[in-house]
Every structure is written in C-alpha cells, then in structure tokens.
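With compact mmCIF, C-alpha atoms inside, this is coords06.txt:
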# COMPACT_ATOMS: atom_id res chain seq x y z
CA MET A 1 0.41 -21.74 15.48
CA ILE A 2 3.06 -19.25 16.56
CA CYS A 3 2.10 -16.07 18.38
CA PRO A 4 4.83 -13.54 19.31
CA VAL A 5 3.76 -11.46 22.31
CA PHE A 6 5.04 -8.56 24.36
CA ASN A 7 3.03 -6.59 26.93
CA GLU A 8 -0.34 -7.69 25.52
CA GLU A 9 -2.28 -7.94 28.80
CA LYS A 10 -5.07 -5.72 27.40
CA PHE A 11 -5.63 -7.99 24.41
CA ILE A 12 -4.21 -11.47 25.03
CA GLU A 13 -7.21 -12.92 26.89
CA ALA A 14 -9.59 -12.07 24.05
CA CYS A 15 -7.06 -13.52 21.60
CA ILE A 16 -6.80 -16.76 23.60
CA MET A 17 -10.58 -17.10 23.91
CA SER A 18 -10.95 -16.76 20.14
CA ILE A 19 -8.41 -19.58 19.73
CA ILE A 20 -10.20 -21.81 22.25
CA GLU A 21 -13.49 -21.28 20.41
CA GLN A 22 -12.13 -22.48 17.06
CA ASP A 23 -14.14 -25.21 15.30
CA TYR A 24 -10.85 -27.00 14.54
CA PRO A 25 -10.16 -30.11 16.71
CA GLN A 26 -8.14 -29.07 19.74
CA ASP A 27 -6.18 -32.33 19.73
CA ALA A 28 -4.84 -31.30 16.29
CA MET A 29 -3.90 -27.80 17.45
CA GLU A 30 -0.70 -26.44 18.89
CA ILE A 31 -0.33 -22.79 19.91
CA ILE A 32 3.13 -21.54 20.86
CA PHE A 33 3.25 -18.14 22.54
CA VAL A 34 6.73 -16.66 22.24
CA ASP A 35 7.17 -13.93 24.82
CA GLY A 36 9.66 -11.07 24.45
CA ARG A 37 10.02 -10.82 28.24
CA SER A 38 6.86 -8.89 28.92
CA THR A 39 6.84 -6.54 31.89
CA ASP A 40 3.08 -6.71 32.45
CA HIS A 41 0.75 -9.66 33.19
CA THR A 42 0.79 -11.16 29.68
CA THR A 43 2.63 -14.35 30.67
CA ASP A 44 0.53 -14.78 33.85
CA ILE A 45 -2.63 -14.77 31.73
CA ILE A 46 -1.17 -17.26 29.25
CA ARG A 47 0.01 -19.62 32.03
CA ARG A 48 -3.44 -19.54 33.61
CA TYR A 49 -4.99 -20.85 30.39
CA MET A 50 -2.18 -23.36 29.87
CA GLN A 51 -3.37 -25.22 32.98
CA ASP A 52 -6.65 -26.14 31.24
CA TYR A 53 -5.54 -26.29 27.61
CA PRO A 54 -2.52 -28.54 27.05
CA PHE A 55 -2.20 -27.52 23.39
CA MET A 56 -0.89 -24.14 24.59
CA LYS A 57 2.81 -23.58 25.18
CA LEU A 58 4.90 -20.60 26.31
CA ILE A 59 8.55 -20.10 25.38
CA ASP A 60 11.04 -17.29 25.89
CA ASN A 61 12.33 -14.84 23.30
CA PRO A 62 15.40 -13.16 24.85
CA GLU A 63 16.14 -11.16 21.67
CA ARG A 64 12.73 -9.53 22.15
CA ILE A 65 11.90 -8.89 18.46
CA VAL A 66 9.41 -10.64 16.21
CA PRO A 67 11.58 -12.52 13.65
CA TYR A 68 13.52 -14.23 16.46
CA ALA A 69 10.21 -15.17 18.06
CA LEU A 70 8.90 -16.65 14.81
CA ASN A 71 12.08 -18.64 14.24
CA ARG A 72 12.02 -20.00 17.80
CA GLY A 73 8.41 -20.97 17.27
CA LEU A 74 9.31 -22.72 14.01
CA GLN A 75 11.94 -24.79 15.80
CA GLU A 76 9.43 -25.75 18.48
CA ALA A 77 6.42 -26.44 16.23
CA LYS A 78 5.57 -30.00 15.28
CA GLY A 79 2.74 -29.59 12.76
CA GLU A 80 2.71 -29.78 8.96
CA VAL A 81 0.95 -26.42 8.79
CA ILE A 82 2.55 -23.33 10.30
CA MET A 83 0.24 -20.45 11.15
CA ARG A 84 1.32 -17.11 12.55
CA LEU A 85 -0.99 -15.31 14.96
CA ASP A 86 -0.88 -11.90 16.63
CA GLY A 87 -1.85 -11.20 20.23
CA HIS A 88 -3.43 -7.88 19.20
CA CYS A 89 -6.18 -9.71 17.27
CA THR A 90 -9.17 -11.97 17.69
CA TYR A 91 -10.12 -14.62 15.14
CA PRO A 92 -13.42 -16.01 13.82
CA THR A 93 -14.34 -19.54 14.93
CA ASN A 94 -13.59 -20.94 11.47
CA TYR A 95 -10.24 -19.13 11.11
CA ILE A 96 -7.99 -22.20 11.29
CA SER A 97 -10.30 -24.58 9.45
CA GLU A 98 -10.92 -22.17 6.55
CA LEU A 99 -7.26 -21.25 6.05
CA VAL A 100 -6.10 -24.88 6.22
CA LYS A 101 -8.85 -25.84 3.76
CA TYR A 102 -7.87 -23.19 1.22
CA LEU A 103 -4.15 -23.80 1.74
CA TYR A 104 -4.60 -27.26 0.22
CA GLN A 105 -7.60 -26.59 -2.02
CA LEU A 106 -5.73 -23.82 -3.85
CA ASN A 107 -2.42 -25.69 -3.69
CA ALA A 108 -1.06 -22.52 -2.11
CA ASP A 109 2.12 -21.92 -0.15
CA ASN A 110 0.58 -19.25 2.06
CA VAL A 111 -2.96 -18.01 2.65
CA GLY A 112 -4.37 -15.34 4.94
CA GLY A 113 -7.47 -13.36 5.79
CA VAL A 114 -8.43 -9.71 5.75
CA TRP A 115 -8.34 -7.22 8.61
CA ASN A 116 -11.36 -5.64 10.20
CA THR A 117 -9.52 -2.74 11.83
CA GLN A 118 -11.18 -1.72 15.07
CA PRO A 119 -10.56 1.33 17.27
CA ALA A 120 -8.76 0.61 20.54
CA LYS A 121 -11.22 2.89 22.38
CA ASP A 122 -14.45 4.65 21.55
CA THR A 123 -12.82 8.07 21.22
CA PRO A 124 -12.54 10.36 18.17
CA VAL A 125 -8.75 9.90 17.97
CA CYS A 126 -8.95 6.10 18.12
CA GLN A 127 -11.80 6.07 15.61
CA ALA A 128 -9.72 8.25 13.27
CA ILE A 129 -6.65 6.01 13.60
CA ALA A 130 -8.70 2.89 12.81
CA LEU A 131 -10.42 4.52 9.84
CA ALA A 132 -7.20 5.92 8.36
CA SER A 133 -5.45 2.55 8.81
CA SER A 134 -8.08 0.78 6.72
CA HIS A 135 -8.81 3.40 4.04
CA PRO A 136 -7.20 3.40 0.56
CA PHE A 137 -6.18 7.04 1.00
CA GLY A 138 -4.28 6.07 4.14
CA VAL A 139 -2.74 2.71 3.19
CA GLY A 140 -3.03 2.61 -0.60
CA GLY A 141 -3.83 -0.68 -2.28
CA SER A 142 -2.98 -2.90 0.68
CA MET A 143 -5.75 -5.38 -0.03
CA HIS A 144 -5.83 -7.16 3.31
CA LYS A 145 -6.43 -3.79 5.01
CA ILE A 146 -9.02 -2.29 2.68
CA GLY A 147 -10.76 -5.58 1.78
CA VAL A 148 -11.56 -7.54 -1.39
CA SER A 149 -14.69 -9.25 -2.70
CA LYS A 150 -13.19 -12.53 -3.93
CA ILE A 151 -10.18 -14.79 -3.41
CA ILE A 152 -7.15 -13.23 -5.09
CA GLU A 153 -3.52 -14.09 -5.59
CA THR A 154 -1.44 -11.43 -3.85
CA ASP A 155 2.05 -10.43 -2.72
CA THR A 156 1.50 -10.70 1.04
CA VAL A 157 -1.14 -11.51 3.65
CA PRO A 158 -1.37 -10.69 7.34
CA PHE A 159 0.29 -13.27 9.57
CA GLY A 160 -0.03 -16.18 7.14
CA CYS A 161 -0.84 -19.89 7.06
CA TYR A 162 2.02 -21.83 5.46
CA LYS A 163 2.82 -25.37 4.50
CA ARG A 164 5.77 -26.38 6.64
CA GLU A 165 7.71 -27.49 3.57
CA VAL A 166 7.82 -23.82 2.47
CA PHE A 167 10.43 -23.08 5.14
CA GLU A 168 12.68 -25.83 3.81
CA LYS A 169 12.90 -23.84 0.56
CA THR A 170 12.98 -20.29 1.86
CA GLY A 171 14.79 -20.63 5.16
CA PRO A 172 13.62 -18.83 8.35
CA PHE A 173 12.46 -15.26 8.90
CA ASP A 174 15.12 -12.57 8.50
CA THR A 175 16.27 -11.37 11.92
CA ASP A 176 17.56 -8.07 10.51
CA LEU A 177 13.96 -6.91 10.17
CA VAL A 178 12.14 -5.67 13.25
CA ARG A 179 9.29 -4.71 10.91
CA ASN A 180 8.24 -6.02 7.49
CA GLN A 181 9.68 -9.50 8.10
CA ASP A 182 6.46 -10.95 6.63
CA ASP A 183 6.82 -8.87 3.46
CA GLU A 184 10.44 -9.93 2.99
CA PHE A 185 9.66 -13.59 3.65
CA ASN A 186 6.71 -13.57 1.26
CA GLY A 187 8.86 -11.80 -1.34
CA ARG A 188 11.40 -14.61 -1.06
CA LEU A 189 8.60 -17.12 -1.38
CA LEU A 190 7.27 -15.47 -4.54
CA ASN A 191 10.76 -15.31 -6.04
CA LEU A 192 10.94 -19.08 -5.61
CA GLY A 193 7.65 -19.54 -7.49
CA GLY A 194 5.39 -19.69 -4.43
CA LYS A 195 1.69 -18.80 -4.46
CA ILE A 196 0.00 -16.55 -1.88
CA TYR A 197 -3.77 -16.05 -1.67
CA LEU A 198 -5.99 -13.65 0.23
CA ILE A 199 -9.23 -15.23 1.51
CA PRO A 200 -11.81 -12.42 2.01
CA GLN A 201 -14.37 -14.42 3.98
CA VAL A 202 -11.79 -15.01 6.73
CA ILE A 203 -11.95 -11.81 8.76
CA ILE A 204 -9.48 -10.96 11.53
CA ASN A 205 -10.47 -8.37 14.10
CA TYR A 206 -7.36 -6.22 14.45
CA THR A 207 -7.16 -3.52 17.13
CA ALA A 208 -5.43 -0.37 15.89
CA ARG A 209 -2.97 1.63 17.99
CA ASP A 210 -4.60 3.73 20.70
CA THR A 211 -2.52 6.93 20.37
CA LEU A 212 -1.16 9.02 17.52
CA CYS A 213 2.34 8.64 18.95
CA LYS A 214 2.17 4.82 18.74
CA MET A 215 0.67 5.03 15.26
CA ARG A 216 3.46 7.36 14.07
CA GLN A 217 6.10 5.06 15.52
CA MET A 218 4.59 2.03 13.78
CA TYR A 219 4.38 3.66 10.34
CA TYR A 220 7.83 5.18 10.72
CA GLN A 221 9.23 1.71 11.31
CA TYR A 222 7.27 0.26 8.38
CA GLY A 223 8.93 2.86 6.16
CA LEU A 224 12.33 2.49 7.84
CA TYR A 225 12.69 -1.20 7.04
CA LYS A 226 11.15 -1.16 3.55
CA PRO A 227 14.39 -0.17 1.71
CA LEU A 228 16.24 -2.99 3.48
CA VAL A 229 13.52 -5.42 2.37
CA ASN A 230 13.90 -4.14 -1.20
CA LYS A 231 17.67 -4.57 -1.04
CA LYS A 232 17.36 -8.14 0.22
CA LEU A 233 14.79 -9.05 -2.43
CA GLY A 234 16.62 -7.23 -5.21
CA ALA A 235 13.59 -5.12 -6.18
CA PRO A 236 10.58 -3.33 -4.64
CA ALA A 237 7.61 -5.62 -4.12
CA THR A 238 5.02 -2.91 -4.90
CA VAL A 239 4.82 0.60 -6.35
CA ARG A 240 2.49 1.88 -3.61
CA GLN A 241 5.29 1.94 -1.03
CA PHE A 242 6.89 4.93 -2.78
CA PHE A 243 3.93 7.32 -2.55
CA PRO A 244 4.48 8.54 1.05
CA LEU A 245 8.15 9.19 0.26
CA LEU A 246 7.25 11.09 -2.91
CA PHE A 247 4.64 13.07 -0.99
CA LEU A 248 7.20 14.01 1.66
CA LEU A 249 9.78 15.02 -0.93
CA GLY A 250 7.12 16.91 -2.86
CA LEU A 251 6.22 18.91 0.23
CA LEU A 252 9.85 19.77 0.92
CA VAL A 253 10.97 20.52 -2.64
CA GLY A 254 7.65 22.08 -3.64
CA GLY A 255 7.69 24.33 -0.58
CA ILE A 256 11.14 25.63 -1.42
CA CYS A 257 10.41 26.09 -5.13
CA SER A 258 7.13 27.88 -4.33
CA ILE A 259 9.17 30.77 -2.93
CA PHE A 260 10.62 31.45 -6.37
CA SER A 261 7.76 30.56 -8.73
CA PRO A 262 4.13 31.76 -8.57
CA PHE A 263 3.09 28.85 -10.81
CA ILE A 264 4.66 26.25 -8.49
CA LEU A 265 3.11 28.03 -5.50
CA GLN A 266 -0.32 27.75 -7.12
CA LEU A 267 0.22 24.07 -7.97
CA TYR A 268 1.58 23.39 -4.49
CA THR A 269 -1.39 25.07 -2.82
CA THR A 270 -3.86 23.23 -5.06
CA ILE A 271 -2.39 19.83 -4.19
CA LEU A 272 -2.50 20.61 -0.46
CA LEU A 273 -6.12 21.77 -0.74
CA ILE A 274 -7.06 18.56 -2.59
CA TYR A 275 -5.31 16.54 0.13
CA LEU A 276 -7.22 18.46 2.81
CA PHE A 277 -10.49 18.05 0.90
CA VAL A 278 -10.11 14.28 0.62
CA GLY A 279 -9.34 14.05 4.33
CA VAL A 280 -12.41 16.13 5.20
CA VAL A 281 -14.66 14.04 2.92
CA VAL A 282 -13.43 10.77 4.45
CA GLY A 283 -13.80 12.29 7.90
CA SER A 284 -17.34 13.46 7.14
CA MET A 285 -18.37 9.98 6.00
CA GLY A 286 -16.78 8.48 9.08
CA ALA A 287 -18.48 11.05 11.32
CA ILE A 288 -21.90 10.11 9.92
CA ARG A 289 -21.23 6.41 10.45
CA THR A 290 -19.71 6.63 13.95
CA HIS A 291 -21.48 9.75 15.27
CA GLN A 292 -18.09 11.32 15.98
CA PRO A 293 -18.23 14.84 14.41
CA LEU A 294 -14.59 15.53 15.33
CA LEU A 295 -13.52 13.05 12.63
CA VAL A 296 -14.11 15.79 10.06
CA LEU A 297 -11.16 17.73 11.50
CA LEU A 298 -9.09 14.75 12.67
CA MET A 299 -8.92 12.71 9.47
CA PRO A 300 -6.71 15.08 7.41
CA TYR A 301 -4.30 15.30 10.37
CA VAL A 302 -4.19 11.52 10.92
CA PHE A 303 -3.67 10.82 7.20
CA PHE A 304 -0.87 13.39 7.20
CA ASN A 305 0.76 11.70 10.21
CA ILE A 306 0.66 8.29 8.52
CA HIS A 307 2.14 9.54 5.26
CA MET A 308 4.82 11.71 6.88
CA SER A 309 5.86 9.01 9.35
CA TYR A 310 6.14 6.34 6.66
CA GLY A 311 7.83 8.72 4.20
CA LEU A 312 10.38 9.93 6.76
CA GLY A 313 11.11 6.37 7.84
CA TYR A 314 11.60 5.35 4.21
CA LEU A 315 13.99 8.24 3.61
CA VAL A 316 16.06 7.36 6.69
CA GLY A 317 15.97 3.71 5.62
CA ILE A 318 17.36 4.56 2.18
CA PHE A 319 20.30 6.42 3.70
CA SER A 320 20.89 3.56 6.14
CA VAL A 321 21.00 1.05 3.29
CA ILE A 322 23.31 3.28 1.24
CA ARG A 323 25.66 3.65 4.21
CA ASN A 324 25.26 -0.07 5.00
CA LYS A 325 24.24 0.95 8.52
CA SER A 326 21.99 -1.10 10.78
CA VAL A 327 18.52 0.27 11.45
CA GLN A 328 17.81 -1.74 14.59
CA VAL A 329 14.90 -0.41 16.60
CA SER A 330 13.64 -1.80 19.89
CA ASN A 331 10.24 -3.26 19.13
CA ASN A 332 8.57 -6.42 20.32
CA ARG A 333 5.55 -6.61 18.10
Starting from the coordinates I provided, produce the structure as structure tokens.
Amino acid sequence: MICPVFNEEKFIEACIMSIIEQDYPQDAMEIIFVDGRSTDHTTDIIRRYMQDYPFMKLIDNPERIVPYALNRGLQEAKGEVIMRLDGHCTYPTNYISELVKYLYQLNADNVGGVWNTQPAKDTPVCQAIALASSHPFGVGGSMHKIGVSKIIETDTVPFGCYKREVFEKTGPFDTDLVRNQDDEFNGRLLNLGGKIYLIPQVIINYTARDTLCKMRQMYYQYGLYKPLVNKKLGAPATVRQFFPLLFLLGLLVGGICSIFSPFILQLYTTILLIYLFVGVVVGSMGAIRTHQPLLVLLMPYVFFNIHMSYGLGYLVGIFSVIRNKSVQVSNNR
C-alpha cells in the first residue's frame, strides 16, 4: 500500500487506525507513507506508530507532488498487489481483503470502492461542500462519488488496487500531472485492454475540504489538468468533463448575446432560474436531513463554485495545451 501524505496531522491518525484494524493479516501487509516534506506533525505521528507496527514505512518525496510519491512507493513496494491509499480517508475493516478478493475473482487489473463523502466540520458550509461533492448535479456521473448498487466495469476508481504486473505494461504514473494522475493512468490501462471495476460494498470515508477556497482550488486544478490528460490519452475519457466548461462559456456568451436579443435574454434567465431551483431543491433536502436550514441558500452557491472553478481551470488548461505550456501547480495531495 502506498499513501502519499502532506500536512495531514488532522486526519492521518484516523487513517492509520483504520489500516491497523484491517482483517487482512498484518504480516502480509506493507504500508509505505511517502511524505512531501510536511511542515506539521504528520511525520511525527507516523513515526510513533512505526515503532509498534513494523509493516509501516516512511520515505521522503522531495518533489512534493503525488505522482512522484506514487512512483517512489512503487519502487519501494515488494508485494504482488499495489494499493493506493489517501491520508484524508478512513477505510472499512474489510477494505484490503475485499479489494484483493475481487481483483482476482473478477480477473481485473484495478478495483476500487466508493466514497462516502463526509463534512470536515459540522458547519453549514462544510455540510454544503460535502453534499455538493457527492451529488450528481455537482459532480455528474462520477460513479464512485455518487454511488452504485452493483459491481460495474468503469473508467476509473478512487485510489485503486492493482496487480503489480499492470505497471510492467503501463509504466509509472505521469509526473506531469499534479492532479488527475489516476485518470490518466487508468486511461492508459484501458487503452491496453485492462479492466477496472467499482465495488460498491467497499465504502471509503472521505473527508471533503473544509473551506470554499480549498474546494475551489481543488476543482480548478481538476479542470486545469484534464485537457493535458486528454492530450496524453489521445481522446477524452468521458463526456461529463465538458459540462462545466460549456456552462461557463454559456454564461459568458449568453450574457453578452442577451444584451442584443430579448429571446436569448429570456432563455438565459430561464436557464439560470432552473439552475437556482435545482440548487435550492437539493439544499432543501439536505437541510431536512442534516437540520442545517442554511443549506437551502448555500447549495446553489456551492454548486456554482464547483462548476465555475472546474470550467475555468479547463479553459486555462486548453490554452496551456495549445501553447504547449506547463501547468505546474504546487500541490501535495
């Protein structure tokens, strides 16, 4: 197991405890934490557990971005199954055993579970971020985020549990990609005839970002690197990735054209009202469930932030690809 980390002191202990409590034999486990030179107490916490659990290891990631961490972990790992973890998550006790079982039972190249997206804090803003990040209106048809009822073959899964032999065919993770390196890698795997499955009964507790600023930054970077992924793969992996960009362009072009055409103004206003209505409906349902009445007002705004951030990132990413310009962004997770 490879777990890239950077400044995860708020989450890493819960992550480690969920690994320790796995029903998989500890003498068959190996967890490699790859640290991007954290400036908090992340490494101190990991080292404390390493004293009692020899299957844990900590190595350095001087480049400080995820694909380098994954590749360093691959070089260090000794097992026949490679599993990526994330320090922002906790895992059910049967996480390893179930994924390894289905990896071989389905003759798959990669399997993964679904996210149960949790708020970082019990505040209206954090509740809204978590809800928007796991709702079809916010993230489209991203099945591992919105959930499925049965095992399905898919284009990507969170983190992933791979047969080691996969990397002999595909090569390592692409270090050009601060974000979306999993998507690009899985796209390469599919292009080589690989099979990826989503296992719905394996549920990962994922903690969403705790501020709108962090959420915007994350979705901006998702959008920013998507055109580069498409260029490397030779084609877009999914249609859903274009919707935030089209929404952004529609707002800009539609807003300008509305000045000159009453019909376009009416259409433009109608679409915005529908968008607002959907956000309010989702917020109302969330408010009933969480007893947070402010969600009614927050949800349209949070959805709008997700779509605009992703769409703007995608637009900048397209221009960067056209100009053959690097889109490096400092990010350790």
Residues of segment 232-314 of chain A within 12 Å of segment 135-153 of chain A: nearest atom pair and distance (Å, one decimal) for each, counting all atoms listed in the file, sorted by chain and number, as a Markdown table?
| residue | atom | partner | partner_atom | distance |
| --- | --- | --- | --- | --- |
| A:Ala237 | CA | A:Ser142 | CA | 11.9 |
| A:Thr238 | CA | A:Gly141 | CA | 9.5 |
| A:Val239 | CA | A:Gly141 | CA | 9.6 |
| A:Arg240 | CA | A:Gly140 | CA | 6.3 |
| A:Gln241 | CA | A:Gly140 | CA | 8.4 |
| A:Phe242 | CA | A:Gly140 | CA | 10.4 |
| A:Phe243 | CA | A:Gly140 | CA | 8.6 |
| A:Pro244 | CA | A:Val139 | CA | 9.5 |
| A:Tyr275 | CA | A:Phe137 | CA | 9.6 |
| A:Leu276 | CA | A:Phe137 | CA | 11.6 |
| A:Phe277 | CA | A:Phe137 | CA | 11.8 |
| A:Val278 | CA | A:Phe137 | CA | 8.2 |
| A:Gly279 | CA | A:Phe137 | CA | 8.4 |
| A:Val280 | CA | A:Phe137 | CA | 11.8 |
| A:Val281 | CA | A:Phe137 | CA | 11.2 |
| A:Val282 | CA | A:His135 | CA | 8.7 |
| A:Gly283 | CA | A:His135 | CA | 10.9 |
| A:Met285 | CA | A:His135 | CA | 11.8 |
| A:Gly286 | CA | A:His135 | CA | 10.7 |
| A:Met299 | CA | A:Gly138 | CA | 9.7 |
| A:Pro300 | CA | A:Gly138 | CA | 9.9 |
| A:Tyr301 | CA | A:Gly138 | CA | 11.1 |
| A:Val302 | CA | A:Gly138 | CA | 8.7 |
| A:Phe303 | CA | A:Gly138 | CA | 5.7 |
| A:Phe304 | CA | A:Gly138 | CA | 8.6 |
| A:Asn305 | CA | A:Gly138 | CA | 9.7 |
| A:Ile306 | CA | A:Gly138 | CA | 7.0 |
| A:His307 | CA | A:Gly138 | CA | 7.4 |
| A:Met308 | CA | A:Gly138 | CA | 11.1 |
| A:Ser309 | CA | A:Gly138 | CA | 11.8 |
| A:Tyr310 | CA | A:Val139 | CA | 10.2 |
Please determine, counting all atoms listed in the file, which residue among A:Thr269, A:Asn180, A:Thr175, A:Ser133 has the shortest atom-to-atom distance to Asp210 of chain A.
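When distances to Asp210 of chain A are compared using all atoms listed in the file, the smallest one comes from A:Ser133.
Nearest-residue note for Gly194 of chain A: choosing from A:Leu295, A:Leu251, A:Ala108, A:Met29, the minimum distance belongs to A:Ala108, counting all atoms listed in the file.
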Which one is closest to Phe167 of chain A: A:Val66, A:Leu74, A:Cys257, A:Leu131? Count only C-alpha atoms.
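The closest residue to Phe167 of chain A is A:Leu74.
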If we count all atoms listed in the file and set the cut-off at 7 Å, which residues sit around Val321 of chain A, ignoring sequence neighbours fewer than 3 positions away in its own chain? Please answer as a ChimeraX atom specification.
/A:227-228,317-318,324-325
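Remark: for Leu312 of chain A, the closest of the candidate residues A:Leu70, A:Leu252, A:Ile259, A:Leu298 is A:Leu252 (distances computed over all atoms listed in the file).
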Taking into account all atoms listed in the file, which residue in the set A:Pro262, A:Leu177, A:Glu13, A:Pro62 is nearest to Arg47 of chain A?
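Nearest candidate to Arg47 of chain A out of A:Pro262, A:Leu177, A:Glu13, A:Pro62: A:Glu13.
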Could you tell me how far atom CA of Ile199 of chain A sits from atom CA of Val34 of chain A, in Å to one decimal place?
26.2 Å
Box in all listed atoms of segment 286-294 of chain A, axis-aligned, with 5 Å more on each side; write out centre and edge lengths in Å to one decimal as AutoDock Vina command-line options.
--center_x -18.2 --center_y 11.0 --center_z 12.5 --size_x 17.3 --size_y 19.1 --size_z 16.9
Determine the nearest neighbour of Gly79 of chain A from the options A:Cys213, A:Tyr206, A:Lys163, A:Ser261, counting only C-alpha atoms.
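Among the listed residues, the smallest separation from Gly79 of chain A belongs to A:Lys163.
The coordinates place atom CA of Thr123 of chain A at 25.3 Å from atom CA of His41 of chain A.
For the atom pair formed by atom CA of Phe55 of chain A and atom CA of Asp86 of chain A, the distance is 17.1 Å, given to one decimal.
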Near Glu80 of chain A, within 12 Å and counting all atoms listed in the file, which residues show up once chain neighbours fewer than 6 positions away are dropped, as a count of residues only?
16
Who sits within 8 Å of segment 17-24 of chain A, only C-alpha atoms, same chain under 2 positions skipped, as a list in words
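Surrounding residues, per the criterion: Glu13, Ala14, Cys15, Gln26, Ala28, Met29, Thr90, Tyr91, Pro92, Thr93, Asn94, Tyr95, Ile96 and Ser97 of chain A.
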